[in-house]
file start_4.cif (mmCIF, C-alpha atoms)
data_input
#
loop_
_atom_site.label_atom_id
_atom_site.label_comp_id
_atom_site.auth_asym_id
_atom_site.auth_seq_id
_atom_site.Cartn_x
_atom_site.Cartn_y
_atom_site.Cartn_z
CA MET A 1385 -11.30 -21.53 37.34
CA ALA A 1386 -11.63 -24.88 39.12
CA GLU A 1387 -15.20 -25.56 40.13
CA SER A 1388 -16.63 -28.79 41.48
CA THR A 1389 -19.80 -28.03 39.53
CA LEU A 1390 -18.21 -28.51 36.09
CA LEU A 1391 -17.82 -31.51 33.81
CA VAL A 1392 -16.21 -31.84 30.37
CA ALA A 1393 -17.70 -34.64 28.25
CA TYR A 1394 -16.58 -35.25 24.68
CA PHE A 1395 -16.80 -37.54 21.68
CA SER A 1396 -13.75 -37.65 19.43
CA HIS A 1397 -12.49 -39.69 16.52
CA ALA A 1398 -8.82 -40.58 16.08
CA GLY A 1399 -7.48 -42.26 12.95
CA PRO A 1400 -8.23 -41.09 9.42
CA ASN A 1401 -9.84 -37.63 9.54
CA TYR A 1402 -10.58 -34.84 7.11
CA VAL A 1403 -8.09 -32.10 7.95
CA ASP A 1404 -7.52 -28.92 5.96
CA GLY A 1405 -8.76 -30.41 2.68
CA LYS A 1406 -7.21 -33.87 2.89
CA ILE A 1407 -7.50 -37.15 4.77
CA VAL A 1408 -4.77 -37.53 7.40
CA GLU A 1409 -4.09 -39.94 10.25
CA LEU A 1410 -4.67 -38.36 13.65
CA PRO A 1411 -3.24 -40.27 16.63
CA VAL A 1412 -5.57 -38.21 18.88
CA GLY A 1413 -8.83 -36.75 17.62
CA ASN A 1414 -9.15 -32.97 17.44
CA THR A 1415 -12.06 -32.85 19.87
CA GLU A 1416 -10.11 -34.87 22.43
CA VAL A 1417 -7.24 -32.37 22.17
CA ALA A 1418 -9.67 -29.49 22.80
CA ALA A 1419 -11.46 -31.34 25.64
CA LYS A 1420 -8.21 -32.07 27.46
CA LYS A 1421 -7.13 -28.42 27.15
CA LEU A 1422 -10.52 -27.28 28.47
CA SER A 1423 -10.31 -29.72 31.38
CA GLU A 1424 -6.87 -28.33 32.27
CA ILE A 1425 -8.11 -24.73 32.00
CA THR A 1426 -11.23 -25.25 34.13
CA GLY A 1427 -10.08 -28.02 36.45
CA ALA A 1428 -13.21 -29.97 35.44
CA PRO A 1429 -13.22 -33.77 35.33
CA LEU A 1430 -13.13 -35.32 31.86
CA VAL A 1431 -15.55 -37.95 30.50
CA ARG A 1432 -15.11 -39.59 27.10
CA ILE A 1433 -18.25 -40.56 25.17
CA GLU A 1434 -17.53 -43.78 23.27
CA GLN A 1435 -19.79 -45.94 21.18
CA ALA A 1436 -19.83 -49.66 22.01
CA GLU A 1437 -19.29 -50.76 18.42
CA SER A 1438 -16.31 -49.21 16.65
CA TYR A 1439 -16.80 -47.18 13.51
CA PRO A 1440 -15.08 -48.33 10.30
CA GLU A 1441 -11.41 -47.37 10.10
CA ASP A 1442 -11.74 -46.09 6.50
CA TYR A 1443 -12.73 -42.41 6.58
CA HIS A 1444 -15.21 -42.58 3.70
CA LYS A 1445 -16.92 -45.67 5.11
CA LEU A 1446 -17.08 -44.00 8.52
CA THR A 1447 -18.80 -40.92 7.09
CA GLU A 1448 -21.35 -43.09 5.28
CA VAL A 1449 -22.15 -44.97 8.50
CA ALA A 1450 -22.46 -41.66 10.36
CA LYS A 1451 -24.78 -40.30 7.65
CA LYS A 1452 -26.99 -43.42 7.80
CA GLU A 1453 -27.15 -43.22 11.61
CA LEU A 1454 -28.22 -39.58 11.44
CA LYS A 1455 -30.87 -40.16 8.77
CA ALA A 1456 -32.30 -43.12 10.68
CA GLY A 1457 -32.09 -41.43 14.08
CA VAL A 1458 -29.98 -44.31 15.42
CA ARG A 1459 -28.87 -44.09 19.04
CA PRO A 1460 -25.76 -46.31 19.15
CA ALA A 1461 -25.05 -48.10 22.41
CA LEU A 1462 -22.28 -46.55 24.47
CA LYS A 1463 -19.18 -48.31 25.77
CA SER A 1464 -19.08 -46.28 28.96
CA GLY A 1465 -21.82 -45.44 31.42
CA ILE A 1466 -23.49 -42.11 32.04
CA PRO A 1467 -21.68 -39.96 34.62
CA ASP A 1468 -23.29 -38.96 37.90
CA MET A 1469 -24.57 -35.42 37.32
CA THR A 1470 -25.29 -34.75 40.99
CA GLY A 1471 -23.77 -31.38 41.78
CA VAL A 1472 -22.85 -30.64 38.16
CA ASP A 1473 -24.21 -27.28 37.06
CA THR A 1474 -22.31 -26.77 33.79
CA LEU A 1475 -21.52 -29.41 31.20
CA PHE A 1476 -18.91 -28.54 28.58
CA LEU A 1477 -19.86 -30.83 25.68
CA GLY A 1478 -17.41 -31.46 22.84
CA TYR A 1479 -17.88 -33.20 19.51
CA PRO A 1480 -16.82 -33.02 15.87
CA ASN A 1481 -19.32 -31.66 13.34
CA TRP A 1482 -20.57 -34.72 11.46
CA TRP A 1483 -23.12 -34.01 8.73
CA GLY A 1484 -23.99 -30.64 10.23
CA THR A 1485 -24.58 -31.75 13.81
CA MET A 1486 -23.33 -33.94 16.64
CA PRO A 1487 -22.31 -37.58 16.06
CA MET A 1488 -25.09 -39.94 17.09
CA PRO A 1489 -23.24 -41.34 20.14
CA VAL A 1490 -23.53 -37.80 21.58
CA TRP A 1491 -27.30 -37.98 21.02
CA THR A 1492 -27.36 -41.30 22.92
CA PHE A 1493 -25.37 -39.72 25.75
CA LEU A 1494 -27.66 -36.69 25.99
CA HIS A 1495 -30.81 -38.81 25.82
CA ALA A 1496 -29.66 -40.74 28.91
CA LEU A 1497 -28.22 -37.76 30.78
CA PRO A 1498 -30.31 -35.85 33.31
CA THR A 1499 -29.92 -32.34 31.86
CA ALA A 1500 -32.90 -30.51 33.42
CA GLY A 1501 -31.66 -27.31 35.05
CA LYS A 1502 -28.09 -27.82 33.77
CA ALA A 1503 -26.16 -25.42 31.58
CA ILE A 1504 -24.63 -27.03 28.48
CA ALA A 1505 -21.74 -25.24 26.77
CA PRO A 1506 -21.03 -26.98 23.45
CA PHE A 1507 -17.71 -26.87 21.61
CA CYS A 1508 -17.35 -28.33 18.17
CA THR A 1509 -14.32 -29.14 16.04
CA ASN A 1510 -14.83 -28.73 12.31
CA GLU A 1511 -13.02 -27.88 9.11
CA GLY A 1512 -15.13 -24.86 8.19
CA SER A 1513 -18.73 -25.86 8.94
CA GLY A 1514 -18.80 -24.27 12.38
CA MET A 1515 -21.41 -25.48 14.86
CA GLY A 1516 -23.77 -26.50 12.05
CA ARG A 1517 -27.25 -27.03 13.47
CA SER A 1518 -25.94 -28.73 16.62
CA GLU A 1519 -27.01 -25.91 18.96
CA LYS A 1520 -30.57 -26.13 17.61
CA ASP A 1521 -30.46 -29.92 17.99
CA LEU A 1522 -29.18 -29.53 21.57
CA ARG A 1523 -32.13 -27.27 22.42
CA ALA A 1524 -34.55 -29.88 21.03
CA LEU A 1525 -32.81 -32.80 22.80
CA CYS A 1526 -32.42 -31.01 26.13
CA PRO A 1527 -35.41 -28.61 26.38
CA SER A 1528 -35.03 -28.17 30.14
CA ALA A 1529 -31.34 -27.28 29.93
CA ASN A 1530 -29.79 -23.87 29.32
CA ILE A 1531 -27.84 -24.17 26.07
CA LEU A 1532 -25.02 -21.63 26.21
CA PRO A 1533 -23.23 -20.08 23.21
CA GLY A 1534 -21.11 -22.69 21.48
CA LEU A 1535 -17.49 -22.52 20.44
CA PRO A 1536 -16.57 -23.73 16.94
CA ILE A 1537 -12.89 -24.69 16.66
CA ILE A 1538 -11.15 -25.29 13.34
CA GLY A 1539 -9.87 -28.85 13.73
CA HIS A 1540 -6.46 -28.39 12.14
CA LYS A 1541 -5.88 -25.37 14.42
CA VAL A 1542 -6.89 -27.12 17.66
CA HIS A 1543 -3.31 -27.24 18.95
CA GLU A 1544 -3.28 -23.43 18.82
CA ALA A 1545 -6.71 -23.00 20.46
CA GLU A 1546 -5.76 -22.72 24.14
CA ALA A 1547 -6.27 -18.94 24.31
CA LEU A 1548 -9.59 -19.26 22.49
CA LEU A 1549 -10.75 -22.00 24.89
CA ARG A 1550 -9.55 -20.01 27.90
CA LYS A 1551 -11.47 -16.88 26.86
CA TRP A 1552 -14.64 -18.85 26.02
CA ALA A 1553 -14.55 -20.75 29.34
CA ARG A 1554 -14.03 -17.50 31.23
CA ASP A 1555 -17.03 -15.96 29.44
CA ILE A 1556 -19.19 -19.04 30.08
CA LEU A 1557 -18.32 -19.11 33.78
CA ALA A 1558 -18.57 -15.34 34.35
#

call {"tool": "encode", "arguments": {"input": "start_4.cif", "output": "structure tokens"}}
result
Amino acid sequence: MAESTLLVAYFSHAGPNYVDGKIVELPVGNTEVAAKKLSEITGAPLVRIEQAESYPEDYHKLTEVAKKELKAGVRPALKSGIPDMTGVDTLFLGYPNWWGTMPMPVWTFLHALPTAGKAIAPFCTNEGSGMGRSEKDLRALCPSANILPGLPIIGHKVHEAEALLRKWARDILA
């Protein structure tokens, strides 16, 4: 499936995470696991979306900060730059579901990204909340982009999601 017109960009959170009803330590965030699998499947380059200022290590404090950012519409500064989108037709965009949508660093990324005429295929790790309202938010943030059907992935099942990712990518690229 390798195409030079593809890019996989993702935001992920390692460390304490809510997984299958409890807080556990993840050495690699669930969305990063899915993004790396998708990059291998499609042959697309991989870009990590990282905020400049780290979130609190404590899970409950992190979720409160994320909630405040969302309510205030904060666009946190990013650690890394915006990738060159020249020649990119399809952006696979991965993120965890935080408070029913994308984490605010993803909003910052999308605000700075030239998305007009691009297809955006979102994939979202979650523990039962699916895509939330993130697809609606994507349409509002990127009105000139074609927002494709998203793929919700249960976070604690991400290591078993290769076949699901492969089928979804094949359908997106068909």

call {"tool": "atom_distance", "arguments": {"input": "start_4.cif", "atom1": "atom CA of Ala1503 of chain A", "atom2": "atom CA of Phe1476 of chain A"}}
result
8.4 Å

call {"tool": "atom_distance", "arguments": {"input": "start_4.cif", "atom1": "atom CA of Gly1512 of chain A", "atom2": "atom CA of Ile1537 of chain A"}}
result
8.8 Å

call {"tool": "closest_residue", "arguments": {"input": "start_4.cif", "among": "A:Tyr1402, A:Phe1493, A:Trp1552, A:Tyr1479", "to": "Ala1436 of chain A", "atoms": "all atoms listed in the file"}}
result
A:Phe1493

call {"tool": "atom_distance", "arguments": {"input": "start_4.cif", "atom1": "atom CA of Met1486 of chain A", "atom2": "atom CA of Phe1395 of chain A"}}
result
9.0 Å

call {"tool": "resolve_selection", "arguments": {"input": "start_4.cif", "expression": "the PyMOL selection byres ((chain A and resi 1545-1549) around 10)", "output": "PyMOL selection string"}}
result
chain A and resi 1417-1419+1421-1422+1424-1426+1507+1535-1544+1550-1555

call {"tool": "write_last_selection", "arguments": {"input": "start_4.cif", "atoms": "C-alpha atoms", "output": "compact mmCIF listing (two decimals), in the coordinates of the input"}}
result
# COMPACT_ATOMS: atom_id res chain seq x y z
CA VAL A 1417 -7.24 -32.37 22.17
CA ALA A 1418 -9.67 -29.49 22.80
CA ALA A 1419 -11.46 -31.34 25.64
CA LYS A 1421 -7.13 -28.42 27.15
CA LEU A 1422 -10.52 -27.28 28.47
CA GLU A 1424 -6.87 -28.33 32.27
CA ILE A 1425 -8.11 -24.73 32.00
CA THR A 1426 -11.23 -25.25 34.13
CA PHE A 1507 -17.71 -26.87 21.61
CA LEU A 1535 -17.49 -22.52 20.44
CA PRO A 1536 -16.57 -23.73 16.94
CA ILE A 1537 -12.89 -24.69 16.66
CA ILE A 1538 -11.15 -25.29 13.34
CA GLY A 1539 -9.87 -28.85 13.73
CA HIS A 1540 -6.46 -28.39 12.14
CA LYS A 1541 -5.88 -25.37 14.42
CA VAL A 1542 -6.89 -27.12 17.66
CA HIS A 1543 -3.31 -27.24 18.95
CA GLU A 1544 -3.28 -23.43 18.82
CA ARG A 1550 -9.55 -20.01 27.90
CA LYS A 1551 -11.47 -16.88 26.86
CA TRP A 1552 -14.64 -18.85 26.02
CA ALA A 1553 -14.55 -20.75 29.34
CA ARG A 1554 -14.03 -17.50 31.23
CA ASP A 1555 -17.03 -15.96 29.44

call {"tool": "resolve_selection", "arguments": {"input": "start_4.cif", "expression": "the PyMOL selection byres ((chain A and resi 1389) around 12)", "output": "PyMOL selection string"}}
result
chain A and resi 1385-1388+1390-1392+1426-1429+1468-1476+1502-1503+1557

call {"tool": "write_last_selection", "arguments": {"input": "start_4.cif", "atoms": "C-alpha atoms", "output": "PDB file, in the frame of the given file"}}
result
ATOM      1  CA  MET A1385     -11.300 -21.530  37.340  1.00  0.00           C
ATOM      2  CA  ALA A1386     -11.630 -24.880  39.120  1.00  0.00           C
ATOM      3  CA  GLU A1387     -15.200 -25.560  40.130  1.00  0.00           C
ATOM      4  CA  SER A1388     -16.630 -28.790  41.480  1.00  0.00           C
ATOM      5  CA  LEU A1390     -18.210 -28.510  36.090  1.00  0.00           C
ATOM      6  CA  LEU A1391     -17.820 -31.510  33.810  1.00  0.00           C
ATOM      7  CA  VAL A1392     -16.210 -31.840  30.370  1.00  0.00           C
ATOM      8  CA  THR A1426     -11.230 -25.250  34.130  1.00  0.00           C
ATOM      9  CA  GLY A1427     -10.080 -28.020  36.450  1.00  0.00           C
ATOM     10  CA  ALA A1428     -13.210 -29.970  35.440  1.00  0.00           C
ATOM     11  CA  PRO A1429     -13.220 -33.770  35.330  1.00  0.00           C
ATOM     12  CA  ASP A1468     -23.290 -38.960  37.900  1.00  0.00           C
ATOM     13  CA  MET A1469     -24.570 -35.420  37.320  1.00  0.00           C
ATOM     14  CA  THR A1470     -25.290 -34.750  40.990  1.00  0.00           C
ATOM     15  CA  GLY A1471     -23.770 -31.380  41.780  1.00  0.00           C
ATOM     16  CA  VAL A1472     -22.850 -30.640  38.160  1.00  0.00           C
ATOM     17  CA  ASP A1473     -24.210 -27.280  37.060  1.00  0.00           C
ATOM     18  CA  THR A1474     -22.310 -26.770  33.790  1.00  0.00           C
ATOM     19  CA  LEU A1475     -21.520 -29.410  31.200  1.00  0.00           C
ATOM     20  CA  PHE A1476     -18.910 -28.540  28.580  1.00  0.00           C
ATOM     21  CA  LYS A1502     -28.090 -27.820  33.770  1.00  0.00           C
ATOM     22  CA  ALA A1503     -26.160 -25.420  31.580  1.00  0.00           C
ATOM     23  CA  LEU A1557     -18.320 -19.110  33.780  1.00  0.00           C
TER      24      LEU A1557
END

call {"tool": "axis_aligned_box", "arguments": {"input": "start_4.cif", "around": "segment 1465-1472 of chain A", "padding_each_side": "5 Å", "output": "JSON"}}
result
{"center_x": -23.5, "center_y": -38.0, "center_z": 36.6, "size_x": 13.6, "size_y": 24.8, "size_z": 20.4}

call {"tool": "resolve_selection", "arguments": {"input": "start_4.cif", "expression": "the PyMOL selection byres ((chain A and resi 1482) around 9)", "output": "list in words"}}
result
Thr1447, Ala1450, Lys1451, Tyr1479, Pro1480, Asn1481, Trp1483, Gly1484, Thr1485, Met1486, Pro1487, Met1488, Asn1510 and Gly1516 of chain A

call {"tool": "write_last_selection", "arguments": {"input": "start_4.cif", "atoms": "C-alpha atoms", "output": "JSON list (two decimals), keeping the file's coordinate frame"}}
result
[["chain", "number", "residue", "atom", "x", "y", "z"],
["A", 1447, "THR", "CA", -18.80, -40.92, 7.09],
["A", 1450, "ALA", "CA", -22.46, -41.66, 10.36],
["A", 1451, "LYS", "CA", -24.78, -40.30, 7.65],
["A", 1479, "TYR", "CA", -17.88, -33.20, 19.51],
["A", 1480, "PRO", "CA", -16.82, -33.02, 15.87],
["A", 1481, "ASN", "CA", -19.32, -31.66, 13.34],
["A", 1483, "TRP", "CA", -23.12, -34.01, 8.73],
["A", 1484, "GLY", "CA", -23.99, -30.64, 10.23],
["A", 1485, "THR", "CA", -24.58, -31.75, 13.81],
["A", 1486, "MET", "CA", -23.33, -33.94, 16.64],
["A", 1487, "PRO", "CA", -22.31, -37.58, 16.06],
["A", 1488, "MET", "CA", -25.09, -39.94, 17.09],
["A", 1510, "ASN", "CA", -14.83, -28.73, 12.31],
["A", 1516, "GLY", "CA", -23.77, -26.50, 12.05]]

call {"tool": "closest_residue", "arguments": {"input": "start_4.cif", "among": "A:Ala1496, A:Ala1505, A:Leu1532, A:Ile1556", "to": "Ile1466 of chain A", "atoms": "all atoms listed in the file"}}
result
A:Ala1496

call {"tool": "closest_residue", "arguments": {"input": "start_4.cif", "among": "A:Leu1494, A:Leu1525, A:Gln1435, A:Lys1445", "to": "Asn1401 of chain A", "atoms": "all atoms listed in the file"}}
result
A:Lys1445

call {"tool": "closest_residue", "arguments": {"input": "start_4.cif", "among": "A:His1397, A:Cys1508, A:Gly1501, A:Gly1514", "to": "Ser1528 of chain A", "atoms": "only C-alpha atoms"}}
result
A:Gly1501

call {"tool": "closest_atom_pairs", "arguments": {"input": "start_4.cif", "of": "segment 1418-1440 of chain A", "to": "segment 1455-1460 of chain A", "cutoff": "12 Å", "atoms": "only C-alpha atoms", "output": "Markdown table"}}
result
| residue | atom | partner | partner_atom | distance |
| --- | --- | --- | --- | --- |
| A:Ile1433 | CA | A:Pro1460 | CA | 11.2 |
| A:Glu1434 | CA | A:Pro1460 | CA | 9.5 |
| A:Gln1435 | CA | A:Pro1460 | CA | 6.3 |
| A:Ala1436 | CA | A:Pro1460 | CA | 7.4 |
| A:Glu1437 | CA | A:Pro1460 | CA | 7.9 |
| A:Ser1438 | CA | A:Pro1460 | CA | 10.2 |
| A:Tyr1439 | CA | A:Pro1460 | CA | 10.6 |

call {"tool": "closest_residue", "arguments": {"input": "start_4.cif", "among": "A:Thr1415, A:Thr1509, A:Thr1492, A:Ser1518", "to": "Glu1453 of chain A", "atoms": "all atoms listed in the file"}}
result
A:Thr1492

call {"tool": "closest_residue", "arguments": {"input": "start_4.cif", "among": "A:Lys1420, A:His1444, A:Val1412, A:Ala1393", "to": "Leu1497 of chain A", "atoms": "only C-alpha atoms"}}
result
A:Ala1393

call {"tool": "residues_around", "arguments": {"input": "start_4.cif", "residues": "Gly1413 of chain A", "least_positions_apart": "6", "cutoff": "8 Å", "atoms": "only C-alpha atoms", "output": "number ranges by chain"}}
result
A: 1396-1399

call {"tool": "write_last_selection", "arguments": {"input": "start_4.cif", "atoms": "C-alpha atoms", "output": "mmCIF file, in the coordinates of the input"}}
result
data_model
loop_
_atom_site.group_PDB
_atom_site.id
_atom_site.type_symbol
_atom_site.label_atom_id
_atom_site.label_comp_id
_atom_site.auth_asym_id
_atom_site.auth_seq_id
_atom_site.Cartn_x
_atom_site.Cartn_y
_atom_site.Cartn_z
ATOM 1 C CA SER A 1396 -13.750 -37.650 19.430
ATOM 2 C CA HIS A 1397 -12.490 -39.690 16.520
ATOM 3 C CA ALA A 1398 -8.820 -40.580 16.080
ATOM 4 C CA GLY A 1399 -7.480 -42.260 12.950
#

call {"tool": "decode", "arguments": {"input": "start_4.cif", "residues": "segment 1494-1530 of chain A", "atoms": "N, CA and C atoms", "output": "compact mmCIF listing (two decimals), in the first residue's frame"}}
result
# COMPACT_ATOMS: atom_id res chain seq x y z
N LEU A 1494 -3.56 20.99 13.70
CA LEU A 1494 -4.48 21.17 12.58
C LEU A 1494 -4.66 22.63 12.20
N HIS A 1495 -4.64 23.50 13.19
CA HIS A 1495 -4.79 24.93 12.92
C HIS A 1495 -3.64 25.45 12.05
N ALA A 1496 -2.45 24.89 12.27
CA ALA A 1496 -1.27 25.35 11.53
C ALA A 1496 -1.04 24.59 10.23
N LEU A 1497 -1.73 23.48 10.05
CA LEU A 1497 -1.50 22.61 8.91
C LEU A 1497 -2.34 23.03 7.70
N PRO A 1498 -1.73 23.11 6.52
CA PRO A 1498 -2.52 23.41 5.33
C PRO A 1498 -3.33 22.17 4.91
N THR A 1499 -4.62 22.14 5.23
CA THR A 1499 -5.43 20.96 4.99
C THR A 1499 -6.39 21.09 3.80
N ALA A 1500 -6.45 22.26 3.18
CA ALA A 1500 -7.37 22.45 2.05
C ALA A 1500 -7.09 21.42 0.96
N GLY A 1501 -8.12 20.71 0.54
CA GLY A 1501 -7.99 19.73 -0.52
C GLY A 1501 -7.39 18.40 -0.08
N LYS A 1502 -7.04 18.28 1.19
CA LYS A 1502 -6.47 17.02 1.71
C LYS A 1502 -7.58 16.13 2.23
N ALA A 1503 -7.35 14.84 2.24
CA ALA A 1503 -8.23 13.89 2.91
C ALA A 1503 -7.63 13.60 4.28
N ILE A 1504 -8.46 13.64 5.31
CA ILE A 1504 -8.01 13.34 6.67
C ILE A 1504 -8.78 12.11 7.15
N ALA A 1505 -8.03 11.08 7.50
CA ALA A 1505 -8.60 9.82 8.00
C ALA A 1505 -8.23 9.70 9.48
N PRO A 1506 -9.17 10.02 10.38
CA PRO A 1506 -8.84 9.98 11.81
C PRO A 1506 -8.95 8.58 12.41
N PHE A 1507 -8.05 8.28 13.33
CA PHE A 1507 -8.17 7.07 14.14
C PHE A 1507 -7.95 7.47 15.59
N CYS A 1508 -8.74 6.88 16.46
CA CYS A 1508 -8.83 7.35 17.83
C CYS A 1508 -8.81 6.19 18.80
N THR A 1509 -7.86 6.20 19.73
CA THR A 1509 -7.86 5.19 20.78
C THR A 1509 -8.74 5.67 21.93
N ASN A 1510 -9.43 4.74 22.55
CA ASN A 1510 -10.37 5.09 23.60
C ASN A 1510 -10.65 3.84 24.43
N GLU A 1511 -11.33 4.01 25.52
CA GLU A 1511 -11.71 2.86 26.36
C GLU A 1511 -13.22 2.68 26.39
N GLY A 1512 -13.87 3.01 25.28
CA GLY A 1512 -15.31 2.78 25.17
C GLY A 1512 -16.08 3.99 24.67
N SER A 1513 -15.42 5.13 24.52
CA SER A 1513 -16.12 6.34 24.09
C SER A 1513 -16.03 6.58 22.59
N GLY A 1514 -15.44 5.65 21.87
CA GLY A 1514 -15.38 5.76 20.41
C GLY A 1514 -14.69 7.02 19.94
N MET A 1515 -15.19 7.55 18.84
CA MET A 1515 -14.62 8.76 18.24
C MET A 1515 -15.11 10.02 18.95
N GLY A 1516 -16.10 9.88 19.85
CA GLY A 1516 -16.66 11.06 20.49
C GLY A 1516 -17.19 12.01 19.43
N ARG A 1517 -16.95 13.30 19.64
CA ARG A 1517 -17.37 14.31 18.65
C ARG A 1517 -16.19 14.77 17.80
N SER A 1518 -15.10 14.01 17.83
CA SER A 1518 -13.88 14.46 17.14
C SER A 1518 -14.06 14.60 15.63
N GLU A 1519 -14.87 13.75 15.01
CA GLU A 1519 -15.07 13.89 13.56
C GLU A 1519 -15.80 15.20 13.24
N LYS A 1520 -16.78 15.54 14.05
CA LYS A 1520 -17.49 16.81 13.89
C LYS A 1520 -16.52 17.98 14.10
N ASP A 1521 -15.69 17.87 15.14
CA ASP A 1521 -14.71 18.93 15.40
C ASP A 1521 -13.71 19.05 14.25
N LEU A 1522 -13.30 17.91 13.68
CA LEU A 1522 -12.40 17.94 12.52
C LEU A 1522 -13.02 18.68 11.35
N ARG A 1523 -14.30 18.42 11.09
CA ARG A 1523 -14.99 19.11 9.99
C ARG A 1523 -15.02 20.62 10.21
N ALA A 1524 -15.22 21.04 11.46
CA ALA A 1524 -15.25 22.48 11.77
C ALA A 1524 -13.86 23.09 11.69
N LEU A 1525 -12.84 22.37 12.14
CA LEU A 1525 -11.46 22.87 12.11
C LEU A 1525 -10.86 22.90 10.71
N CYS A 1526 -11.26 21.96 9.89
CA CYS A 1526 -10.67 21.79 8.55
C CYS A 1526 -11.79 21.76 7.51
N PRO A 1527 -12.52 22.87 7.32
CA PRO A 1527 -13.70 22.86 6.45
C PRO A 1527 -13.38 22.59 4.98
N SER A 1528 -12.15 22.81 4.56
CA SER A 1528 -11.79 22.58 3.16
C SER A 1528 -11.15 21.22 2.93
N ALA A 1529 -11.12 20.40 3.97
CA ALA A 1529 -10.57 19.05 3.86
C ALA A 1529 -11.72 18.05 3.75
N ASN A 1530 -11.39 16.88 3.24
CA ASN A 1530 -12.36 15.78 3.15
C ASN A 1530 -12.12 14.88 4.36
